[in-house]
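Participant: So here's start_25.pdb, just PDB, C-alpha atoms:
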```
ATOM      1  CA  MET A 412      15.908  -5.437   7.639
ATOM      2  CA  ILE A 413      13.572  -5.765  10.641
ATOM      3  CA  LYS A 414      11.900  -9.172  11.043
ATOM      4  CA  PHE A 415       9.072 -10.330  13.337
ATOM      5  CA  SER A 416       5.817 -12.322  13.163
ATOM      6  CA  ILE A 417       2.121 -11.555  13.708
ATOM      7  CA  PHE A 418      -0.511 -14.323  13.864
ATOM      8  CA  GLY A 419       2.111 -16.717  12.525
ATOM      9  CA  PHE A 420       2.878 -14.579   9.456
ATOM     10  CA  PRO A 421       6.563 -13.551   9.167
ATOM     11  CA  ILE A 422       6.972  -9.821   8.436
ATOM     12  CA  HIS A 423      10.104  -8.303   6.893
ATOM     13  CA  ILE A 424      10.521  -4.516   6.770
ATOM     14  CA  HIS A 425      13.099  -3.084   4.363
ATOM     15  CA  TRP A 426      14.856   0.185   5.242
ATOM     16  CA  PHE A 427      13.431   1.767   2.065
ATOM     17  CA  PHE A 428       9.957   1.487   3.603
ATOM     18  CA  TRP A 429      10.973   3.792   6.472
ATOM     19  CA  LEU A 430      12.534   6.287   4.051
ATOM     20  CA  ASN A 431       9.491   6.498   1.776
ATOM     21  CA  THR A 432       7.129   6.756   4.735
ATOM     22  CA  ALA A 433       9.146   9.653   6.149
ATOM     23  CA  LEU A 434       9.179  11.371   2.734
ATOM     24  CA  LEU A 435       5.370  11.203   2.651
ATOM     25  CA  SER A 436       5.001  12.657   6.141
ATOM     26  CA  GLY A 437       5.479  16.359   5.439
ATOM     27  CA  TYR A 438       7.612  16.542   8.594
ATOM     28  CA  LEU A 439      11.060  16.217   7.009
ATOM     29  CA  ASP A 440      11.993  19.650   8.375
ATOM     30  CA  ALA A 441      10.827  18.704  11.873
ATOM     31  CA  SER A 442      12.961  20.368  14.531
ATOM     32  CA  SER A 443      10.852  20.776  17.664
ATOM     33  CA  PRO A 444      10.069  17.812  19.974
ATOM     34  CA  LYS A 445       6.372  18.015  19.045
ATOM     35  CA  GLN A 446       7.140  17.931  15.303
ATOM     36  CA  LEU A 447       9.426  14.946  15.788
ATOM     37  CA  GLN A 448       6.663  13.214  17.758
ATOM     38  CA  ALA A 449       4.247  13.971  14.895
ATOM     39  CA  LEU A 450       6.698  12.385  12.438
ATOM     40  CA  LEU A 451       6.945   9.266  14.607
ATOM     41  CA  ILE A 452       3.153   9.082  14.961
ATOM     42  CA  TRP A 453       2.778   9.283  11.166
ATOM     43  CA  VAL A 454       5.262   6.460  10.638
ATOM     44  CA  VAL A 455       3.471   4.270  13.206
ATOM     45  CA  ALA A 456       0.052   5.043  11.679
ATOM     46  CA  VAL A 457       1.288   4.050   8.206
ATOM     47  CA  LEU A 458       2.997   0.919   9.548
ATOM     48  CA  VAL A 459      -0.095  -0.292  11.410
ATOM     49  CA  SER A 460      -2.459   0.450   8.527
ATOM     50  CA  ILE A 461      -0.319  -1.299   5.909
ATOM     51  CA  ILE A 462       0.224  -4.342   8.122
ATOM     52  CA  ILE A 463      -3.570  -4.577   8.567
ATOM     53  CA  HIS A 464      -3.901  -4.353   4.778
ATOM     54  CA  GLU A 465      -1.387  -7.155   4.204
ATOM     55  CA  LEU A 466      -2.956  -9.307   6.932
ATOM     56  CA  GLY A 467      -6.206  -9.072   4.977
ATOM     57  CA  HIS A 468      -4.376 -10.741   2.094
ATOM     58  CA  THR A 469      -2.497 -13.320   4.165
ATOM     59  CA  PHE A 470      -5.494 -14.483   6.191
ATOM     60  CA  MET A 471      -7.375 -15.088   2.948
ATOM     61  CA  MET A 472      -4.344 -16.934   1.566
ATOM     62  CA  ARG A 473      -4.337 -19.085   4.694
ATOM     63  CA  HIS A 474      -8.064 -19.674   4.185
ATOM     64  CA  TYR A 475      -7.236 -21.132   0.770
ATOM     65  CA  GLY A 476      -4.569 -23.399   2.270
ATOM     66  CA  ALA A 477      -1.369 -21.430   1.610
ATOM     67  CA  GLN A 478       1.408 -20.200   3.881
ATOM     68  CA  ALA A 479       2.448 -16.588   3.385
ATOM     69  CA  HIS A 480       4.809 -13.897   4.599
ATOM     70  CA  ILE A 481       4.710 -10.100   4.379
ATOM     71  CA  VAL A 482       7.345  -7.737   3.031
ATOM     72  CA  LEU A 483       7.185  -3.952   3.476
ATOM     73  CA  TYR A 484       9.419  -2.277   0.901
ATOM     74  CA  ALA A 485       9.882   0.896  -1.156
ATOM     75  CA  LEU A 486       6.388   1.064  -2.680
ATOM     76  CA  GLY A 487       4.379  -0.299   0.254
ATOM     77  CA  GLY A 488       3.632  -3.878   1.224
ATOM     78  CA  LEU A 489       3.404  -7.276  -0.379
ATOM     79  CA  ALA A 490       1.900 -10.566   0.813
ATOM     80  CA  ILE A 491       3.874 -13.462  -0.669
ATOM     81  CA  PRO A 492       2.300 -16.967  -0.649
ATOM     82  CA  ASP A 493       4.073 -20.296  -1.042
ATOM     83  CA  ARG A 494       1.864 -21.324  -3.954
ATOM     84  CA  GLY A 495      -0.457 -19.972  -6.612
ATOM     85  CA  PHE A 496      -4.256 -19.710  -6.617
ATOM     86  CA  ARG A 497      -7.118 -20.131  -9.016
ATOM     87  CA  ARG A 498      -8.297 -16.996 -10.793
ATOM     88  CA  GLY A 499     -11.339 -16.433  -8.578
ATOM     89  CA  GLN A 500      -9.334 -17.019  -5.412
ATOM     90  CA  ASP A 501      -6.678 -14.590  -6.581
ATOM     91  CA  ILE A 502      -9.297 -11.872  -7.102
ATOM     92  CA  VAL A 503     -10.762 -12.417  -3.617
ATOM     93  CA  ILE A 504      -7.286 -12.346  -2.062
ATOM     94  CA  SER A 505      -6.401  -9.121  -3.897
ATOM     95  CA  LEU A 506      -9.615  -7.411  -2.761
ATOM     96  CA  ALA A 507      -9.336  -8.593   0.859
ATOM     97  CA  GLY A 508      -6.403  -6.326   1.721
ATOM     98  CA  PRO A 509      -7.819  -2.916   0.754
ATOM     99  CA  LEU A 510     -11.365  -3.769   1.848
ATOM    100  CA  VAL A 511     -10.208  -4.779   5.335
ATOM    101  CA  GLN A 512      -7.998  -1.690   5.509
ATOM    102  CA  ILE A 513     -10.871   0.605   4.489
ATOM    103  CA  ALA A 514     -13.275  -1.049   6.958
ATOM    104  CA  ILE A 515     -10.829  -0.615   9.843
ATOM    105  CA  GLY A 516     -10.306   2.983   8.740
ATOM    106  CA  PHE A 517     -14.037   3.711   9.034
ATOM    107  CA  ALA A 518     -14.111   1.979  12.423
ATOM    108  CA  ALA A 519     -11.290   4.285  13.565
ATOM    109  CA  LYS A 520     -13.225   7.270  12.183
ATOM    110  CA  PHE A 521     -16.256   6.265  14.266
ATOM    111  CA  LEU A 522     -14.003   5.951  17.315
ATOM    112  CA  LEU A 523     -12.478   9.384  16.728
ATOM    113  CA  GLN A 524     -15.872  11.029  16.267
ATOM    114  CA  HIS A 525     -17.135   9.587  19.554
ATOM    115  CA  SER A 526     -14.001  10.136  21.626
ATOM    116  CA  THR A 527     -13.618  13.021  24.052
ATOM    117  CA  GLY A 528     -10.685  14.348  25.996
ATOM    118  CA  ASP A 529      -8.054  12.138  24.353
ATOM    119  CA  ALA A 530      -4.445  13.293  24.318
ATOM    120  CA  TRP A 531      -3.365  15.209  21.195
ATOM    121  CA  TRP A 532      -1.139  12.378  20.037
ATOM    122  CA  ILE A 533      -4.005   9.903  20.166
ATOM    123  CA  GLN A 534      -6.165  12.260  18.108
ATOM    124  CA  LEU A 535      -3.312  12.760  15.641
ATOM    125  CA  PHE A 536      -2.638   9.032  15.343
ATOM    126  CA  LEU A 537      -6.305   8.247  14.701
ATOM    127  CA  SER A 538      -6.709  11.027  12.120
ATOM    128  CA  GLN A 539      -3.587   9.933  10.224
ATOM    129  CA  PHE A 540      -4.503   6.253  10.509
ATOM    130  CA  ILE A 541      -7.960   7.059   9.096
ATOM    131  CA  PHE A 542      -6.454   8.975   6.173
ATOM    132  CA  VAL A 543      -3.969   6.231   5.321
ATOM    133  CA  SER A 544      -6.491   3.413   5.716
ATOM    134  CA  ILE A 545      -9.316   4.933   3.683
ATOM    135  CA  PHE A 546      -7.453   6.985   1.069
ATOM    136  CA  TRP A 547      -4.656   4.485   0.465
ATOM    137  CA  GLY A 548      -7.136   1.605   0.556
ATOM    138  CA  VAL A 549      -9.198   3.203  -2.207
ATOM    139  CA  PHE A 550      -6.010   4.157  -4.083
ATOM    140  CA  ASN A 551      -4.950   0.492  -4.047
ATOM    141  CA  LEU A 552      -8.100  -0.437  -5.944
ATOM    142  CA  LEU A 553      -6.956   1.487  -9.030
ATOM    143  CA  PRO A 554      -6.195  -0.927 -11.922
ATOM    144  CA  ILE A 555      -2.479  -0.088 -11.875
ATOM    145  CA  PHE A 556      -0.050  -2.965 -11.406
ATOM    146  CA  PRO A 557       1.318  -3.831  -8.814
ATOM    147  CA  LEU A 558      -1.564  -2.250  -6.862
ATOM    148  CA  ASP A 559      -4.352  -4.611  -5.837
ATOM    149  CA  GLY A 560      -6.654  -3.225  -8.517
ATOM    150  CA  GLY A 561      -3.987  -4.094 -11.077
ATOM    151  CA  HIS A 562      -3.788  -7.648  -9.724
ATOM    152  CA  VAL A 563      -7.581  -7.946  -9.913
ATOM    153  CA  MET A 564      -7.594  -6.754 -13.516
ATOM    154  CA  ASN A 565      -4.735  -9.084 -14.426
ATOM    155  CA  SER A 566      -6.489 -12.081 -12.837
ATOM    156  CA  PHE A 567      -9.857 -11.177 -14.364
ATOM    157  CA  LEU A 568      -8.538 -10.727 -17.922
ATOM    158  CA  GLY A 569      -6.006 -13.562 -17.703
ATOM    159  CA  PRO A 570      -2.505 -13.994 -19.163
ATOM    160  CA  SER A 571      -3.685 -13.514 -22.756
ATOM    161  CA  PHE A 572      -4.409  -9.855 -21.972
ATOM    162  CA  TYR A 573      -1.340  -9.240 -19.786
ATOM    163  CA  LYS A 574       0.021  -6.472 -22.019
ATOM    164  CA  ILE A 575      -3.372  -4.740 -22.066
ATOM    165  CA  THR A 576      -3.389  -4.775 -18.252
ATOM    166  CA  MET A 577       0.107  -3.297 -18.094
ATOM    167  CA  TRP A 578      -0.537  -0.590 -20.693
ATOM    168  CA  THR A 579      -3.817   0.323 -18.976
ATOM    169  CA  GLY A 580      -1.918   0.684 -15.705
ATOM    170  CA  ALA A 581       0.808   2.765 -17.358
ATOM    171  CA  ILE A 582      -1.650   5.203 -18.944
ATOM    172  CA  LEU A 583      -3.795   5.502 -15.820
ATOM    173  CA  ALA A 584      -0.757   6.053 -13.577
ATOM    174  CA  ALA A 585       0.466   8.826 -15.873
ATOM    175  CA  VAL A 586      -2.960  10.505 -15.928
ATOM    176  CA  VAL A 587      -3.466  10.261 -12.142
ATOM    177  CA  GLY A 588       0.069  11.488 -11.474
ATOM    178  CA  ALA A 589      -0.381  14.500 -13.757
ATOM    179  CA  TYR A 590      -3.781  15.304 -12.213
ATOM    180  CA  LEU A 591      -2.456  15.130  -8.643
ATOM    181  CA  PHE A 592       0.522  17.289  -9.578
ATOM    182  CA  THR A 593      -1.764  20.023 -10.946
ATOM    183  CA  ARG A 594      -3.765  19.917  -7.702
ATOM    184  CA  THR A 595      -0.994  19.548  -5.119
ATOM    185  CA  GLN A 596       2.236  20.577  -6.899
ATOM    186  CA  SER A 597       3.803  17.589  -5.134
ATOM    187  CA  ILE A 598       6.947  16.389  -6.896
ATOM    188  CA  PHE A 599       6.878  13.214  -4.782
ATOM    189  CA  ASN A 600       3.407  12.244  -6.045
ATOM    190  CA  LEU A 601       4.550  12.906  -9.607
ATOM    191  CA  LEU A 602       7.620  10.700  -9.101
ATOM    192  CA  LEU A 603       5.561   7.959  -7.417
ATOM    193  CA  PHE A 604       3.041   7.678 -10.236
ATOM    194  CA  GLY A 605       5.812   8.136 -12.771
ATOM    195  CA  MET A 606       7.580   5.108 -11.308
ATOM    196  CA  LEU A 607       4.343   3.112 -11.391
ATOM    197  CA  ALA A 608       3.796   4.060 -15.042
ATOM    198  CA  TRP A 609       7.400   3.133 -15.862
ATOM    199  CA  GLN A 610       7.032  -0.242 -14.107
ATOM    200  CA  ASN A 611       3.932  -1.049 -16.140
ATOM    201  CA  VAL A 612       5.638  -0.094 -19.415
ATOM    202  CA  GLN A 613       8.614  -2.291 -18.523
ATOM    203  CA  ARG A 614       6.384  -5.247 -17.680
ATOM    204  CA  ALA A 615       4.397  -4.743 -20.905
ATOM    205  CA  ASN A 616       7.704  -5.007 -22.769
ATOM    206  CA  GLY A 617       8.635  -8.205 -20.944
ATOM    207  CA  GLU A 618      11.173  -6.551 -18.647
ATOM    208  CA  GLN A 619      11.446  -6.382 -14.842
ATOM    209  CA  PRO A 620      11.598  -3.150 -12.808
ATOM    210  CA  PRO A 621      14.931  -2.329 -11.102
ATOM    211  CA  GLN A 622      15.696  -4.261  -7.934
ATOM    212  CA  PHE A 623      15.222  -1.303  -5.582
ATOM    213  CA  MET A 624      11.583  -1.126  -6.702
ATOM    214  CA  ARG A 625      10.958  -4.805  -5.969
ATOM    215  CA  PRO A 626      10.841  -6.634  -2.596
ATOM    216  CA  ASP A 627      13.683  -9.027  -3.443
TER     217      ASP A 627
END
```
Taking this structure as input, can you express it in the form of structure tokens?

Facilitator:
Amino acid sequence: MIKFSIFGFPIHIHWFFWLNTALLSGYLDASSPKQLQALLIWVVAVLVSIIIHELGHTFMMRHYGAQAHIVLYALGGLAIPDRGFRRGQDIVISLAGPLVQIAIGFAAKFLLQHSTGDAWWIQLFLSQFIFVSIFWGVFNLLPIFPLDGGHVMNSFLGPSFYKITMWTGAILAAVVGAYLFTRTQSIFNLLLFGMLAWQNVQRANGEQPPQFMRPD
């Protein structure tokens, strides 16, 4: 596990994060130097975008008086505070990550549109960073636990409706996964949303997902 700090926030990166990021790249059959560079650029773009996302959470946690650290694991990133928050604070914290990520993505899009003569790898990094930041930021707003939208829904409805939140996430994950599979034929997307649906069903039944799917 790689460990370092940014702005005083400890960051831990699990090896599963690198594996999943590579699987999403589309460059697993890379053989030429340029293809290998493209794979590396993709990994860096994802890493930077997700760290920005998690910093959105942790800075807001710090604003509310908590210390926090960041873990990047199999299914993305997680900002972990040293204490809990009130319901309204929790909603703001959950929204801060994807909204900051999306905003930075649009700023990068503006930069790309007004840049001229940049090296190919800079253009590729910016285009991939924009895709990850905007698309994944919006994706994170879906009410599917443990995505940020799922956290918002869980905080908004409260513990009395926990099972409703989990079953909503399970059904939505299954529907989105099936829809994306019909459009892209991507087995990985089907497995990803299948795992999310399975997690939500397990949580609705009072169980915990397997350890490899959690940032333990």

Participant: Between CA of His525 in chain A and CA of Leu506 in chain A, what is the distance in Å, rounded to a tenth?

Facilitator: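 Distance reported for this atom pair: 29.0 Å.
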
Participant: Closest to Ala507 in chain A among A:Tyr475, A:Phe536, A:Phe470, A:Tyr484, using all atoms listed in the file?

Facilitator: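 Using all atoms listed in the file, the shortest distance to Ala507 in chain A belongs to A:Phe470.
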
Participant: Which one is closest to Glu618 in chain A: A:Phe567, A:Ile598, A:Lys574, A:His480? Count all atoms listed in the file.

Facilitator: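 Looking only at the distances to Glu618 in chain A, the closest residue turns out to be A:Lys574.
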
Participant: Can you list, as a PyMOL selection string, the residues that the PyMOL selection byres ((chain A and resi 553) around 10) selects here?

Facilitator: chain A and resi 548-552+554-564+580+583-584+587

Participant: Can you pull out the residues contacting range 462-469 of chain A? Cut-off 10 Å, using all atoms listed in the file, and skip same-chain residues under 3 positions away; I want them as a ChimeraX atom specification.

Facilitator: /A:417-418,420,422,457-459,472-475,477-483,487-492,501,503-513,515,544,547-548

Participant: Taking 4 positions as the minimum chain separation for residues in the same chain, which residues sit within 10 Å of range 423-439 of chain A when counting only C-alpha atoms? Answer as a compact mmCIF listing (two decimals) with C-alpha atoms, keeping the file's coordinate frame.

Facilitator:
```
# COMPACT_ATOMS: atom_id res chain seq x y z
CA MET A 412 15.91 -5.44 7.64
CA ILE A 413 13.57 -5.76 10.64
CA LYS A 414 11.90 -9.17 11.04
CA PHE A 415 9.07 -10.33 13.34
CA SER A 416 5.82 -12.32 13.16
CA GLN A 446 7.14 17.93 15.30
CA LEU A 447 9.43 14.95 15.79
CA GLN A 448 6.66 13.21 17.76
CA ALA A 449 4.25 13.97 14.90
CA LEU A 450 6.70 12.38 12.44
CA LEU A 451 6.94 9.27 14.61
CA ILE A 452 3.15 9.08 14.96
CA TRP A 453 2.78 9.28 11.17
CA VAL A 454 5.26 6.46 10.64
CA VAL A 455 3.47 4.27 13.21
CA VAL A 457 1.29 4.05 8.21
CA LEU A 458 3.00 0.92 9.55
CA HIS A 480 4.81 -13.90 4.60
CA ILE A 481 4.71 -10.10 4.38
CA VAL A 482 7.34 -7.74 3.03
CA LEU A 483 7.18 -3.95 3.48
CA TYR A 484 9.42 -2.28 0.90
CA ALA A 485 9.88 0.90 -1.16
CA LEU A 486 6.39 1.06 -2.68
CA GLY A 487 4.38 -0.30 0.25
CA GLY A 488 3.63 -3.88 1.22
CA LEU A 489 3.40 -7.28 -0.38
CA GLN A 539 -3.59 9.93 10.22
CA PHE A 599 6.88 13.21 -4.78
CA ASN A 600 3.41 12.24 -6.04
CA PHE A 623 15.22 -1.30 -5.58
CA MET A 624 11.58 -1.13 -6.70
CA PRO A 626 10.84 -6.63 -2.60
CA ASP A 627 13.68 -9.03 -3.44
```

Participant: Could you state the separation of CA of Gln534 in chain A and CA of Ser460 in chain A in Å, given to one decimal place?

Facilitator: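 Separation between CA of Gln534 in chain A and CA of Ser460 in chain A: 15.7 Å.
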